[in-house]
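Enquirer: Dumping the structure here so I can ask a few things about it.
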2 protein chains.
Amino acid sequence: MLFDENAIKGFDKGFRVNFINSLSGFKSANLIGTCNGNDLPNLSLFSSAVHLGADPALLGLISRPDSVVRDTLENIREVGEYTINHVHAGIYQQAHQSSARYPSEVSEFEVCGLTPEYFKGFKAPAVLESHIKILLSLEDVIPIPSNGCQLIIGTIKTAIVPVDALYESGSIDLSSQKTVTISSLDRYHNVTPINQLSYAKPNSKPSIVTEGKVCVR
Amino acid sequence: MLFDENAIKGFDKGFRVNFINSLSGFKSANLIGTCNGNDLPNLSLFSSAVHLGADPALLGLISRPDSVVRDTLENIREVGEYTINHVHAGIYQQAHQSSARYPSEVSEFEVCGLTPEYFKGFKAPAVLESHIKILLSLEDVIPIPSNGCQLIIGTIKTAIVPVDALYESGSIDLSSQKTVTISSLDRYHNVTPINQLSYAKPNSKPSIVTEGKVCVR
């Protein structure tokens, strides 16, 4: 069914929010760990992490102007560091709860039942329960004039990845770690591999690749 | 296992590319349809679509400087329009093939076995075989100084969605449409729902929501 601009404008606000939030496809599910200058931890769910480049290793996050996650950006600006922690099927309900509008002085770790984990030389807390966690330093914050969002860009300083999830190629087997994916605002999903495909070249069809892990247990 | 900045810098280039590309979590899988001023169609696979806002309805895409998708951004700038088409399990191999480095004068639709579909009053081609397709007009292109990427921002003009995939809340049941998700550069996955959770509030735990579709067949 075709929905034109007028039809979309005519949707009730909540319906439009859910509809538009579904259109980009499946989204990553990450908990962003920060702290303010007084070391008060903060945790917030983001579904907008985006790969920007491998060298330098950069990740982006979209911060919305009207969002409950404003503490996140303020903390990142203040401390210059943050963590990205994959949400897996065992903690998705706790992760979802972190999106509630808690006052700034509340640690979402505590009220959501997740544990801050600290790494040497790094102020921002990671999530102990996450299987894959990334420590980043702030690189840039780019304003998006069209709607007041901001693109937060971070440099990957450290990555914590279960060694048995690591393929020989360097890819990480995210589904083995039960990393979930989000659609719309509130729909959580499990992910199962179809295939890995070979590097695409003009004069051949992609073939299915099978590769081993770095560490076989 | 902890990989610090030196460990990551020490990875072989290909290993690092795959590793870093895995860290953001699961990614959307979209075919971007464009044409140049002479109506030559172009198709390219992107895993970087990101929701920017529902009102105005905006989506972002990351365009890499060194990418084979440079035709995509050039066409979008020239024509001011493009389409985003969800990749489903029935066309993921054709979609992957569109990432091969074809010359500008080749239509990836043709060589990959996908069909351009045109909508009245809109120059850029959509993908007939996709179940969910979005027609956008270019809103802005924002340079990312850190690595030369660009954030392409588009306004959603029209969305084509199977009516039986539409929930009463406005969310779209992407897994019913076999929309896939990508991890790393080349790993395709099926997605199955776990749950929808209620809107998170500070003093209650999230509950599991069950909602119906707009149209029951």
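Residue names in the structure tokens use chain letters A, B, ... in the order shown, residue numbers from 1 in each chain, and ligand numbers from 1 in the order shown.
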Residues within 12 Å of Ser104 (chain A), please, as number ranges by chain. Count only C-alpha atoms; anything in the same chain fewer than 6 positions from it doesn't count.

Expert: A: 34-36, 40-44, 68-72, 74-75

Enquirer: If you take only C-alpha atoms and a cut-off of 10 Å, which residues of region 115-146 of chain B touch region 88-95 of chain B, and what are their nearest atom pairs and distances in Å to one decimal, in chain and number order, as a tab-separated table?

Expert:
residue	atom	partner	partner_atom	distance
B:Glu129	CA	B:Ile91	CA	7.6
B:Ser130	CA	B:His88	CA	6.9
B:His131	CA	B:His88	CA	7.7
B:Ile132	CA	B:His88	CA	9.2

Enquirer: Which residues are close to region 45-61 of chain A, i.e. within 6 Å by only C-alpha atoms, leaving aside same-chain residues fewer than 3 positions away? Reply as a list in words.

Expert: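 My list of contacting residues is Lys27, Ser28, Ala29, Asn30, Leu31, Ser99, Leu151, Ile152, Ile153, Gly154, Thr155 and Ile156 of chain A; Val17, Ile20 and Ser24 of chain B.
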
Enquirer: Please run DSSP on the backbone and report, as number ranges by chain, all residues within chain B that come out as helix (DSSP H, G or I).

Expert: B: 5-10, 13-22, 70-79, 92-97, 108-112, 163-165, 175-177

Enquirer: Compute the chain A side of the contact with chain B at 6 Å, counting only C-alpha atoms, and hand it back as a PyMOL selection string.

Expert: chain A and resi 1-5+15+17-20+22+24-28+49+54+97+100+102+157-163+169-172+184+186-197+200-202

Enquirer: Region 10-207 of chain B: which residues are strand (DSSP E) by DSSP, as a PyMOL selection string?

Expert: chain B and resi 27-28+30-35+41-46+50-54+57-63+81-86+116-117+126-127+133-144+149-160+181-183+187-197

Enquirer: Which one of A:Glu105, A:Glu211, A:Glu81, A:Glu110 sits closest to Ile32 (chain A) if you count only C-alpha atoms?

Expert: A:Glu81

Enquirer: Which one is closest to Lys213 (chain A): A:Leu73, A:Ala165, A:Leu136, A:Val127? Count only C-alpha atoms.

Expert: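 Checking each of A:Leu73, A:Ala165, A:Leu136, A:Val127 against Lys213 (chain A), counting only C-alpha atoms, the winner is A:Ala165.
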